[in-house]
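Everything below belongs to entry-v4.pdb, which stores PDB, C-alpha atoms, pLDDT in the B column.
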ATOM      1  CA  MET A 984      22.887 243.292  12.359  1.00 63.00           C
ATOM      2  CA  VAL A 985      23.615 244.778   8.946  1.00 73.00           C
ATOM      3  CA  LEU A 986      26.601 243.228   7.219  1.00 87.00           C
ATOM      4  CA  GLY A 987      29.127 245.278   5.304  1.00 95.00           C
ATOM      5  CA  LEU A 988      30.403 248.822   5.270  1.00 96.00           C
ATOM      6  CA  ARG A 989      28.015 251.672   6.082  1.00 95.00           C
ATOM      7  CA  GLN A 990      27.914 255.435   6.305  1.00 95.00           C
ATOM      8  CA  PHE A 991      28.576 256.831   9.781  1.00 96.00           C
ATOM      9  CA  ALA A 992      27.502 260.335  10.781  1.00 92.00           C
ATOM     10  CA  ASP A 993      26.817 260.024  14.530  1.00 94.00           C
ATOM     11  CA  ARG A 994      29.441 262.436  15.874  1.00 95.00           C
ATOM     12  CA  VAL A 995      29.603 264.271  19.159  1.00 93.00           C
ATOM     13  CA  GLY A 996      31.809 267.155  20.267  1.00 91.00           C
ATOM     14  CA  GLU A 997      33.275 270.196  18.574  1.00 88.00           C
ATOM     15  CA  GLY A 998      35.362 270.356  15.400  1.00 86.00           C
ATOM     16  CA  ALA A 999      35.645 267.049  13.598  1.00 86.00           C
ATOM     17  CA  GLY A1000      33.960 265.380  16.562  1.00 91.00           C
ATOM     18  CA  GLU A1001      34.131 261.814  17.791  1.00 95.00           C
ATOM     19  CA  PRO A1002      31.879 258.814  17.073  1.00 96.00           C
ATOM     20  CA  LEU A1003      28.863 258.288  19.285  1.00 95.00           C
ATOM     21  CA  LEU A1004      29.243 254.795  20.727  1.00 96.00           C
ATOM     22  CA  ASP A1005      26.563 252.460  22.062  1.00 95.00           C
ATOM     23  CA  ALA A1006      27.679 252.642  25.681  1.00 94.00           C
ATOM     24  CA  ASP A1007      24.335 251.285  26.919  1.00 95.00           C
ATOM     25  CA  ASN A1008      25.196 247.948  25.276  1.00 93.00           C
ATOM     26  CA  GLY A1009      28.749 247.877  26.553  1.00 95.00           C
ATOM     27  CA  GLU A1010      30.592 249.380  23.572  1.00 97.00           C
ATOM     28  CA  GLU A1011      33.909 250.898  24.629  1.00 97.00           C
ATOM     29  CA  LEU A1012      36.602 252.797  22.761  1.00 97.00           C
ATOM     30  CA  MET A1013      39.800 250.745  22.429  1.00 97.00           C
ATOM     31  CA  GLN A1014      42.115 252.926  20.348  1.00 97.00           C
ATOM     32  CA  VAL A1015      42.254 256.230  18.462  1.00 97.00           C
ATOM     33  CA  LEU A1016      44.677 256.666  15.565  1.00 97.00           C
ATOM     34  CA  PRO A1017      44.910 260.037  13.766  1.00 97.00           C
ATOM     35  CA  SER A1018      46.170 260.700  10.230  1.00 96.00           C
ATOM     36  CA  VAL A1019      44.909 257.473   8.660  1.00 98.00           C
ATOM     37  CA  ALA A1020      44.048 257.378   4.959  1.00 97.00           C
ATOM     38  CA  LEU A1021      41.186 255.144   3.855  1.00 97.00           C
ATOM     39  CA  VAL A1022      40.877 253.168   0.609  1.00 97.00           C
ATOM     40  CA  LEU A1023      37.580 251.447  -0.225  1.00 97.00           C
ATOM     41  CA  GLY A1024      37.776 248.764  -2.887  1.00 95.00           C
ATOM     42  CA  ASN A1025      39.521 250.171  -5.953  1.00 93.00           C
ATOM     43  CA  GLN A1026      38.604 253.755  -5.160  1.00 94.00           C
ATOM     44  CA  ALA A1027      41.159 256.548  -4.768  1.00 94.00           C
ATOM     45  CA  PRO A1028      42.342 257.099  -1.165  1.00 94.00           C
ATOM     46  CA  GLU A1029      40.250 259.373   1.018  1.00 93.00           C
ATOM     47  CA  SER A1030      42.038 262.325   2.580  1.00 90.00           C
ATOM     48  CA  PRO A1031      43.481 261.360   6.008  1.00 93.00           C
ATOM     49  CA  GLY A1032      41.049 261.136   8.873  1.00 97.00           C
ATOM     50  CA  THR A1033      40.907 259.680  12.375  1.00 97.00           C
ATOM     51  CA  LEU A1034      40.439 255.980  13.019  1.00 98.00           C
ATOM     52  CA  TYR A1035      38.400 254.913  16.050  1.00 98.00           C
ATOM     53  CA  ILE A1036      38.431 251.274  17.102  1.00 98.00           C
ATOM     54  CA  SER A1037      35.831 250.152  19.619  1.00 98.00           C
ATOM     55  CA  THR A1038      34.943 246.784  21.081  1.00 97.00           C
ATOM     56  CA  LYS A1039      32.223 246.447  18.408  1.00 97.00           C
ATOM     57  CA  GLN A1040      33.315 248.246  15.260  1.00 98.00           C
ATOM     58  CA  VAL A1041      35.866 250.199  13.229  1.00 98.00           C
ATOM     59  CA  VAL A1042      34.948 253.823  12.529  1.00 98.00           C
ATOM     60  CA  TRP A1043      36.804 256.211  10.231  1.00 98.00           C
ATOM     61  CA  LEU A1044      35.875 259.913  10.327  1.00 97.00           C
ATOM     62  CA  SER A1045      37.099 262.554   7.912  1.00 96.00           C
ATOM     63  CA  ASP A1046      38.947 265.444   9.583  1.00 94.00           C
ATOM     64  CA  VAL A1047      37.888 267.937   6.901  1.00 91.00           C
ATOM     65  CA  ASP A1048      34.314 266.904   6.123  1.00 93.00           C
ATOM     66  CA  ARG A1049      32.110 266.317   9.157  1.00 91.00           C
ATOM     67  CA  THR A1050      29.485 264.612   6.997  1.00 91.00           C
ATOM     68  CA  LYS A1051      31.870 261.934   5.763  1.00 95.00           C
ATOM     69  CA  GLY A1052      32.468 258.833   7.817  1.00 97.00           C
ATOM     70  CA  TYR A1053      32.393 255.056   7.469  1.00 98.00           C
ATOM     71  CA  ALA A1054      31.983 252.153   9.866  1.00 97.00           C
ATOM     72  CA  VAL A1055      32.069 248.372   9.789  1.00 97.00           C
ATOM     73  CA  ASN A1056      31.311 245.880  12.550  1.00 97.00           C
ATOM     74  CA  PHE A1057      33.994 243.382  13.496  1.00 97.00           C
ATOM     75  CA  LEU A1058      31.525 240.591  12.724  1.00 95.00           C
ATOM     76  CA  SER A1059      31.610 241.740   9.089  1.00 96.00           C
ATOM     77  CA  ILE A1060      35.416 241.657   8.849  1.00 97.00           C
ATOM     78  CA  SER A1061      36.342 238.191   7.618  1.00 95.00           C
ATOM     79  CA  LEU A1062      40.082 238.817   7.259  1.00 96.00           C
ATOM     80  CA  HIS A1063      42.703 241.392   8.248  1.00 97.00           C
ATOM     81  CA  ALA A1064      46.411 241.388   7.494  1.00 97.00           C
ATOM     82  CA  ILE A1065      49.395 243.710   7.253  1.00 98.00           C
ATOM     83  CA  SER A1066      50.414 244.389   3.652  1.00 97.00           C
ATOM     84  CA  ARG A1067      53.902 245.746   2.953  1.00 96.00           C
ATOM     85  CA  ASP A1068      54.144 244.368  -0.584  1.00 95.00           C
ATOM     86  CA  THR A1069      54.425 247.394  -2.888  1.00 93.00           C
ATOM     87  CA  GLU A1070      53.304 245.242  -5.800  1.00 94.00           C
ATOM     88  CA  ALA A1071      50.002 244.575  -4.045  1.00 93.00           C
ATOM     89  CA  TYR A1072      49.582 248.219  -2.995  1.00 95.00           C
ATOM     90  CA  PRO A1073      52.018 251.167  -3.141  1.00 95.00           C
ATOM     91  CA  SER A1074      51.750 252.045   0.563  1.00 96.00           C
ATOM     92  CA  PRO A1075      52.075 249.786   3.632  1.00 97.00           C
ATOM     93  CA  CYS A1076      48.586 249.259   5.015  1.00 98.00           C
ATOM     94  CA  LEU A1077      46.238 247.085   7.019  1.00 98.00           C
ATOM     95  CA  TYR A1078      44.228 245.141   4.457  1.00 98.00           C
ATOM     96  CA  THR A1079      40.737 243.898   5.372  1.00 98.00           C
ATOM     97  CA  GLN A1080      38.091 241.817   3.646  1.00 97.00           C
ATOM     98  CA  ILE A1081      34.442 242.594   4.384  1.00 97.00           C
ATOM     99  CA  GLU A1082      31.417 240.322   4.200  1.00 95.00           C
ATOM    100  CA  THR A1083      28.407 241.942   2.549  1.00 92.00           C
ATOM    101  CA  GLU A1084      24.780 241.132   1.835  1.00 83.00           C
ATOM    102  CA  ALA A1085      25.099 241.889  -1.874  1.00 68.00           C
ATOM    103  CA  ASP A1086      24.976 239.070  -4.414  1.00 45.00           C
ATOM    104  CA  GLU A1087      28.409 237.909  -5.473  1.00 50.00           C
ATOM    105  CA  ASP A1088      27.368 238.055  -9.117  1.00 47.00           C
ATOM    106  CA  ASP A1089      26.849 241.802  -8.803  1.00 52.00           C
ATOM    107  CA  SER A1090      30.173 242.449  -7.135  1.00 46.00           C
ATOM    108  CA  GLU A1091      32.468 242.116 -10.117  1.00 48.00           C
ATOM    109  CA  GLY A1092      33.653 245.481 -11.290  1.00 46.00           C
ATOM    110  CA  SER A1093      31.494 247.392  -8.815  1.00 45.00           C
ATOM    111  CA  ASP A1094      34.469 248.664  -6.800  1.00 47.00           C
ATOM    112  CA  SER A1095      36.172 250.169  -9.824  1.00 43.00           C
ATOM    113  CA  GLU A1096      33.370 252.488 -10.911  1.00 44.00           C
ATOM    114  CA  SER A1097      34.920 255.713  -9.657  1.00 48.00           C
ATOM    115  CA  SER A1098      32.552 257.914 -11.629  1.00 41.00           C
ATOM    116  CA  ALA A1099      29.396 256.389 -10.165  1.00 55.00           C
ATOM    117  CA  VAL A1100      27.944 256.878  -6.705  1.00 73.00           C
ATOM    118  CA  LEU A1101      29.780 254.560  -4.365  1.00 84.00           C
ATOM    119  CA  ASP A1102      27.630 251.585  -3.354  1.00 91.00           C
ATOM    120  CA  LEU A1103      28.914 250.575   0.086  1.00 93.00           C
ATOM    121  CA  SER A1104      26.926 247.328   0.002  1.00 91.00           C
ATOM    122  CA  LYS A1105      29.320 246.046  -2.675  1.00 92.00           C
ATOM    123  CA  ILE A1106      32.599 247.087  -1.040  1.00 95.00           C
ATOM    124  CA  ARG A1107      34.491 243.951  -0.031  1.00 96.00           C
ATOM    125  CA  GLU A1108      37.947 245.376   0.575  1.00 97.00           C
ATOM    126  CA  MET A1109      39.172 248.199   2.795  1.00 98.00           C
ATOM    127  CA  ARG A1110      42.712 249.436   3.373  1.00 98.00           C
ATOM    128  CA  LEU A1111      43.795 251.558   6.317  1.00 98.00           C
ATOM    129  CA  ILE A1112      47.021 253.511   5.720  1.00 98.00           C
ATOM    130  CA  PRO A1113      48.604 255.146   8.788  1.00 97.00           C
ATOM    131  CA  SER A1114      50.904 258.101   8.175  1.00 96.00           C
ATOM    132  CA  ASP A1115      53.500 256.234  10.226  1.00 96.00           C
ATOM    133  CA  PRO A1116      53.929 252.644   8.893  1.00 97.00           C
ATOM    134  CA  SER A1117      55.473 251.549  12.210  1.00 97.00           C
ATOM    135  CA  GLN A1118      51.958 251.746  13.709  1.00 97.00           C
ATOM    136  CA  LEU A1119      50.747 248.819  11.598  1.00 98.00           C
ATOM    137  CA  ASP A1120      51.815 246.131  14.060  1.00 97.00           C
ATOM    138  CA  ALA A1121      49.925 247.755  16.944  1.00 97.00           C
ATOM    139  CA  LEU A1122      46.919 248.285  14.670  1.00 97.00           C
ATOM    140  CA  PHE A1123      46.969 244.620  13.674  1.00 98.00           C
ATOM    141  CA  ASP A1124      47.135 243.528  17.321  1.00 97.00           C
ATOM    142  CA  ILE A1125      44.127 245.616  18.336  1.00 97.00           C
ATOM    143  CA  PHE A1126      42.144 244.177  15.394  1.00 98.00           C
ATOM    144  CA  CYS A1127      42.992 240.671  16.642  1.00 97.00           C
ATOM    145  CA  GLU A1128      41.905 241.525  20.175  1.00 97.00           C
ATOM    146  CA  CYS A1129      38.581 242.984  19.052  1.00 97.00           C
ATOM    147  CA  ALA A1130      37.945 240.077  16.681  1.00 96.00           C
ATOM    148  CA  GLU A1131      38.182 237.726  19.673  1.00 96.00           C
ATOM    149  CA  LEU A1132      35.605 239.867  21.476  1.00 96.00           C
ATOM    150  CA  ASN A1133      33.183 239.326  18.582  1.00 95.00           C
ATOM    151  CA  PRO A1134      33.011 235.583  17.808  1.00 92.00           C
ATOM    152  CA  GLU A1135      30.731 234.232  15.121  1.00 86.00           C
ATOM    153  CA  PRO A1136      27.192 233.703  16.448  1.00 81.00           C
ATOM    154  CA  ILE A1137      26.057 230.079  16.890  1.00 77.00           C
ATOM    155  CA  ASP A1138      23.599 228.842  14.292  1.00 67.00           C
ATOM    156  CA  GLU A1139      20.408 227.752  16.115  1.00 64.00           C
ATOM    157  CA  GLU A1140      19.737 224.973  13.584  1.00 62.00           C
ATOM    158  CA  GLU A1141      23.212 223.532  14.112  1.00 54.00           C
ATOM    159  CA  GLU A1142      22.713 223.711  17.865  1.00 54.00           C
ATOM    160  CA  GLU A1143      19.404 221.824  17.608  1.00 55.00           C
ATOM    161  CA  HIS A1144      21.073 219.054  15.588  1.00 52.00           C
ATOM    162  CA  ASN A1145      24.091 218.655  17.800  1.00 51.00           C
ATOM    163  CA  TRP A1146      24.797 214.921  17.951  1.00 51.00           C
ATOM    164  CA  VAL A1147      27.621 215.123  20.485  1.00 53.00           C
ATOM    165  CA  PHE A1148      26.550 213.551  23.770  1.00 51.00           C
ATOM    166  CA  SER A1149      28.220 213.783  27.153  1.00 53.00           C
ATOM    167  CA  ALA A1150      29.131 210.714  29.205  1.00 55.00           C
ATOM    168  CA  ASP A1151      26.316 211.487  31.654  1.00 60.00           C
ATOM    169  CA  GLN A1152      23.761 211.575  28.828  1.00 57.00           C
ATOM    170  CA  LEU A1153      24.950 208.212  27.520  1.00 54.00           C
ATOM    171  CA  GLU A1154      24.752 206.678  31.016  1.00 62.00           C
ATOM    172  CA  ASP A1155      21.210 208.005  31.482  1.00 62.00           C
ATOM    173  CA  GLU A1156      20.134 206.549  28.156  1.00 59.00           C
ATOM    174  CA  ALA A1157      21.708 203.200  29.038  1.00 57.00           C
ATOM    175  CA  ALA A1158      19.824 203.153  32.361  1.00 59.00           C
ATOM    176  CA  GLU A1159      16.542 203.852  30.557  1.00 60.00           C
ATOM    177  CA  GLU A1160      17.247 200.986  28.152  1.00 55.00           C
ATOM    178  CA  GLU A1161      17.827 198.563  31.066  1.00 55.00           C
ATOM    179  CA  VAL A1162      14.563 199.559  32.739  1.00 50.00           C
ATOM    180  CA  HIS A1163      12.704 199.067  29.481  1.00 50.00           C
ATOM    181  CA  PHE A1164      14.109 195.554  28.980  1.00 43.00           C
ATOM    182  CA  SER A1165      13.453 194.442  32.561  1.00 46.00           C
ATOM    183  CA  GLN A1166       9.803 195.452  32.239  1.00 49.00           C
ATOM    184  CA  ASN A1167       9.367 193.570  28.961  1.00 49.00           C
ATOM    185  CA  PRO A1168      10.009 189.783  29.327  1.00 44.00           C
ATOM    186  CA  SER A1169      10.116 189.275  25.569  1.00 42.00           C
ATOM    187  CA  ASN A1170      13.312 191.335  25.504  1.00 41.00           C
ATOM    188  CA  SER A1171      15.149 189.192  28.040  1.00 37.00           C
ATOM    189  CA  ILE A1172      18.234 188.961  25.825  1.00 36.00           C
ATOM    190  CA  GLY A1173      18.291 192.686  25.061  1.00 36.00           C
ATOM    191  CA  HIS A1174      19.297 193.984  21.677  1.00 33.00           C
ATOM    192  CA  SER A1175      22.450 195.102  19.875  1.00 35.00           C
ATOM    193  CA  ASN A1176      22.466 198.539  18.239  1.00 41.00           C
ATOM    194  CA  GLY A1177      18.700 198.587  18.308  1.00 44.00           C
ATOM    195  CA  ASP A1178      18.384 195.222  16.481  1.00 46.00           C
ATOM    196  CA  HIS A1179      14.940 194.137  17.640  1.00 46.00           C
ATOM    197  CA  ASP A1180      14.777 191.504  14.861  1.00 50.00           C
ATOM    198  CA  LEU A1181      17.703 189.671  16.398  1.00 46.00           C
ATOM    199  CA  ALA A1182      15.953 189.510  19.780  1.00 45.00           C
ATOM    200  CA  ARG A1183      12.735 188.305  18.165  1.00 48.00           C
ATOM    201  CA  THR A1184      14.581 185.609  16.191  1.00 47.00           C
ATOM    202  CA  VAL A1185      16.358 184.219  19.247  1.00 44.00           C
ATOM    203  CA  LEU A1186      13.129 184.273  21.230  1.00 47.00           C
ATOM    204  CA  GLU A1187      11.363 182.281  18.509  1.00 50.00           C
ATOM    205  CA  LEU A1188      14.215 179.749  18.516  1.00 51.00           C
ATOM    206  CA  GLN A1189      13.805 179.347  22.269  1.00 53.00           C
ATOM    207  CA  ILE A1190      10.080 178.723  21.846  1.00 49.00           C
ATOM    208  CA  ASN A1191      10.696 176.202  19.051  1.00 54.00           C
ATOM    209  CA  ASP A1192      13.286 174.411  21.193  1.00 53.00           C
ATOM    210  CA  GLN A1193      10.699 174.048  23.940  1.00 56.00           C
ATOM    211  CA  ARG A1194       8.208 172.599  21.445  1.00 53.00           C
ATOM    212  CA  PHE A1195      10.768 170.065  20.235  1.00 50.00           C
ATOM    213  CA  GLU A1196      11.480 169.041  23.816  1.00 57.00           C
ATOM    214  CA  ASP A1197       7.756 168.513  24.440  1.00 57.00           C
ATOM    215  CA  ALA A1198       7.464 166.422  21.271  1.00 54.00           C
ATOM    216  CA  ASP A1199      10.464 164.290  22.255  1.00 59.00           C
ATOM    217  CA  ASP A1200       8.925 163.645  25.692  1.00 62.00           C
ATOM    218  CA  GLU A1201       5.653 162.513  24.111  1.00 60.00           C
ATOM    219  CA  MET A1202       7.454 160.118  21.724  1.00 61.00           C
ATOM    220  CA  GLU A1203       9.502 158.654  24.575  1.00 61.00           C
ATOM    221  CA  HIS A1204       6.352 158.166  26.626  1.00 59.00           C
ATOM    222  CA  ALA A1205       4.663 156.417  23.695  1.00 56.00           C
ATOM    223  CA  ARG A1206       7.588 153.994  23.216  1.00 61.00           C
ATOM    224  CA  ASN A1207       7.628 153.118  26.882  1.00 62.00           C
ATOM    225  CA  SER A1208       3.868 152.455  26.824  1.00 59.00           C
ATOM    226  CA  GLY A1209       4.282 150.136  23.819  1.00 57.00           C
ATOM    227  CA  HIS A1210       6.887 148.015  25.590  1.00 55.00           C
ATOM    228  CA  HIS A1211       4.467 147.382  28.475  1.00 54.00           C
TER     229      HIS A1211
END

Encoded form using structure tokens:
Amino acid sequence: MVLGLRQFADRVGEGAGEPLLDADNGEELMQVLPSVALVLGNQAPESPGTLYISTKQVVWLSDVDRTKGYAVNFLSISLHAISRDTEAYPSPCLYTQIETEADEDDSEGSDSESSAVLDLSKIREMRLIPSDPSQLDALFDIFCECAELNPEPIDEEEEEHNWVFSADQLEDEAAEEEVHFSQNPSNSIGHSNGDHDLARTVLELQINDQRFEDADDEMEHARNSGHH
């Protein structure tokens, strides 16, 4: 999957058309909102177009230029929030932050270059401005719903190093330990937290005790023989 904002030109139908969705992989249209202005980074607002929200992505298509359209997957949207603060932006809008594959060092100032060709790989902010501000709450809710449909993928390396064990796994391991000790007489006292040195030390003490007992018996026998 490509992170970040991208150009979108896959339209079907007459006139301005509608986005071509990936129905074979289960993508479904959730909501259509006309007359939505789009602001990318620090660029000037695009003329109003139609916003299409699917189960996979957000697509904005210009109503006047069939070649102009943008899309971003929900997995690339790291934050979305309603902004009604006129100091932050003059118009009420849905503010979003976008994860990209561009280096962060190259991002500074890239959004403000209005005279250059827009580099979508460096766009990290997008604002959606409905013509009717009362639609913002419903727009926010549908973003939340679709975000839940697109959870972050599980890192395979983290899954391989998962140290959380279930109770059944712990019981199985304990049973294996008991079998191992019963088959090895030298481990008759077991071990604590894998401390094999402790078991070896106690075993040596037991052996030494037996030797001392044998020596004491021999000395006692010798004394008794001397008395006779």

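As for CA of Pro1136 (chain A) and CA of Val985 (chain A), they are spaced 13.8 Å apart.
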
Selection: 8 Å around Leu1062 (chain A), only C-alpha atoms, excl. self and same-chain fewer than 5 positions, as a list in words: Thr1079, Gln1080 and Ile1081 of chain A

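Take CA of Pro1134 (chain A) and CA of Arg994 (chain A): the distance between them is 27.2 Å.
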
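In this model, the gap between CA of Lys1051 (chain A) and CA of Pro1002 (chain A) comes to 11.7 Å.
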
6 Å contact set for region 1017-1019 of chain A, all atoms listed in the file, chain neighbours under 4 positions out, as a PyMOL selection string: chain A and resi 1031-1033+1112-1114

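Each of A:Ser1104, A:Gln1040, A:Asn1008, A:Ser1030 was compared to Ala1130 (chain A) using all atoms listed in the file, and A:Gln1040 turns out to be the nearest.
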
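Here the PyMOL selection byres ((chain A and resi 1064) around 6) captures the residues His1063, Ile1065, Leu1077 and Tyr1078 of chain A.
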
When you look at Met1109 (chain A) with a cut-off of 6 Å (counting only C-alpha atoms), what residues show up, excluding the ones that are within fewer than 2 positions of it in the same chain? I need them as a list of chain:residue names. A:Val1022, A:Leu1023, A:Gly1024, A:Thr1079

Please work out which residues fall within 12 Å of (29.2, 239.1, 4.0), coordinates as given in the file, with all atoms listed in the file counting, and return them as a VMD selection string. chain A and resid 984 to 988 1055 to 1062 1080 to 1087 1090 1104 to 1108

Determine the residue set returned by the PyMOL selection byres ((chain A and resi 1045) around 12) for the present structure, and present it as JSON, numbers by chain. {"A": [990, 991, 992, 994, 998, 999, 1000, 1001, 1002, 1017, 1018, 1019, 1020, 1021, 1028, 1029, 1030, 1031, 1032, 1033, 1034, 1035, 1042, 1043, 1044, 1046, 1047, 1048, 1049, 1050, 1051, 1052, 1053, 1054]}

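When the PyMOL selection byres ((chain A and resi 1128) around 12) is evaluated on the file shown here, the picked residues come out as A:Met1013, A:Gln1014, A:Ile1036, A:Ser1037, A:Thr1038, A:Lys1039, A:Gln1040, A:Phe1057, A:His1063, A:Ala1121, A:Leu1122, A:Phe1123, A:Asp1124, A:Ile1125, A:Phe1126, A:Cys1127, A:Cys1129, A:Ala1130, A:Glu1131, A:Leu1132, A:Asn1133, A:Pro1134.
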
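Considering the residues A:Ala1027, A:Leu1003, A:Glu1135, A:Gly1009 and counting all atoms listed in the file, Arg1110 (chain A) has its shortest atom-to-atom contact with A:Ala1027.
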
With N, CA and C atoms as the target, complete region 1014-1033 of chain A and hand it back as a PDB file, in the coordinates of the input.
ATOM      1  N   GLN A1014      40.945 252.216  20.862  1.00 97.00           N
ATOM      2  CA  GLN A1014      42.115 252.926  20.348  1.00 97.00           C
ATOM      3  C   GLN A1014      41.687 254.030  19.381  1.00 97.00           C
ATOM      4  N   VAL A1015      42.456 255.116  19.397  1.00 97.00           N
ATOM      5  CA  VAL A1015      42.254 256.230  18.462  1.00 97.00           C
ATOM      6  C   VAL A1015      43.560 256.444  17.715  1.00 97.00           C
ATOM      7  N   LEU A1016      43.478 256.509  16.390  1.00 97.00           N
ATOM      8  CA  LEU A1016      44.677 256.666  15.565  1.00 97.00           C
ATOM      9  C   LEU A1016      44.439 257.780  14.553  1.00 97.00           C
ATOM     10  N   PRO A1017      45.106 258.927  14.715  1.00 97.00           N
ATOM     11  CA  PRO A1017      44.910 260.037  13.766  1.00 97.00           C
ATOM     12  C   PRO A1017      45.722 259.834  12.491  1.00 97.00           C
ATOM     13  N   SER A1018      45.423 260.672  11.502  1.00 96.00           N
ATOM     14  CA  SER A1018      46.170 260.700  10.230  1.00 96.00           C
ATOM     15  C   SER A1018      46.215 259.336   9.554  1.00 96.00           C
ATOM     16  N   VAL A1019      45.027 258.760   9.346  1.00 98.00           N
ATOM     17  CA  VAL A1019      44.909 257.473   8.660  1.00 98.00           C
ATOM     18  C   VAL A1019      44.128 257.678   7.367  1.00 98.00           C
ATOM     19  N   ALA A1020      44.750 257.328   6.244  1.00 97.00           N
ATOM     20  CA  ALA A1020      44.048 257.378   4.959  1.00 97.00           C
ATOM     21  C   ALA A1020      43.217 256.115   4.786  1.00 97.00           C
ATOM     22  N   LEU A1021      42.128 256.251   4.043  1.00 97.00           N
ATOM     23  CA  LEU A1021      41.186 255.144   3.855  1.00 97.00           C
ATOM     24  C   LEU A1021      41.028 254.867   2.357  1.00 97.00           C
ATOM     25  N   VAL A1022      41.096 253.581   1.997  1.00 97.00           N
ATOM     26  CA  VAL A1022      40.877 253.168   0.609  1.00 97.00           C
ATOM     27  C   VAL A1022      39.776 252.108   0.603  1.00 97.00           C
ATOM     28  N   LEU A1023      38.704 252.366  -0.129  1.00 97.00           N
ATOM     29  CA  LEU A1023      37.580 251.447  -0.225  1.00 97.00           C
ATOM     30  C   LEU A1023      37.591 250.783  -1.598  1.00 97.00           C
ATOM     31  N   GLY A1024      37.743 249.475  -1.616  1.00 95.00           N
ATOM     32  CA  GLY A1024      37.776 248.764  -2.887  1.00 95.00           C
ATOM     33  C   GLY A1024      38.892 249.282  -3.767  1.00 95.00           C
ATOM     34  N   ASN A1025      38.550 249.628  -5.012  1.00 93.00           N
ATOM     35  CA  ASN A1025      39.521 250.171  -5.953  1.00 93.00           C
ATOM     36  C   ASN A1025      39.415 251.690  -6.088  1.00 93.00           C
ATOM     37  N   GLN A1026      38.767 252.313  -5.129  1.00 94.00           N
ATOM     38  CA  GLN A1026      38.604 253.755  -5.160  1.00 94.00           C
ATOM     39  C   GLN A1026      39.926 254.451  -4.824  1.00 94.00           C
ATOM     40  N   ALA A1027      39.995 255.735  -5.149  1.00 94.00           N
ATOM     41  CA  ALA A1027      41.159 256.548  -4.768  1.00 94.00           C
ATOM     42  C   ALA A1027      41.152 256.741  -3.258  1.00 94.00           C
ATOM     43  N   PRO A1028      42.300 256.913  -2.631  1.00 94.00           N
ATOM     44  CA  PRO A1028      42.342 257.099  -1.165  1.00 94.00           C
ATOM     45  C   PRO A1028      41.580 258.339  -0.720  1.00 94.00           C
ATOM     46  N   GLU A1029      40.873 258.213   0.386  1.00 93.00           N
ATOM     47  CA  GLU A1029      40.250 259.373   1.018  1.00 93.00           C
ATOM     48  C   GLU A1029      41.340 260.191   1.710  1.00 93.00           C
ATOM     49  N   SER A1030      41.091 261.486   1.844  1.00 90.00           N
ATOM     50  CA  SER A1030      42.038 262.325   2.580  1.00 90.00           C
ATOM     51  C   SER A1030      42.133 261.812   4.009  1.00 90.00           C
ATOM     52  N   PRO A1031      43.305 261.939   4.666  1.00 93.00           N
ATOM     53  CA  PRO A1031      43.481 261.360   6.008  1.00 93.00           C
ATOM     54  C   PRO A1031      42.410 261.808   6.992  1.00 93.00           C
ATOM     55  N   GLY A1032      42.010 260.862   7.815  1.00 97.00           N
ATOM     56  CA  GLY A1032      41.049 261.136   8.873  1.00 97.00           C
ATOM     57  C   GLY A1032      41.504 260.443  10.139  1.00 97.00           C
ATOM     58  N   THR A1033      40.581 260.305  11.089  1.00 97.00           N
ATOM     59  CA  THR A1033      40.907 259.680  12.375  1.00 97.00           C
ATOM     60  C   THR A1033      40.209 258.333  12.472  1.00 97.00           C
TER      61      THR A1033
END
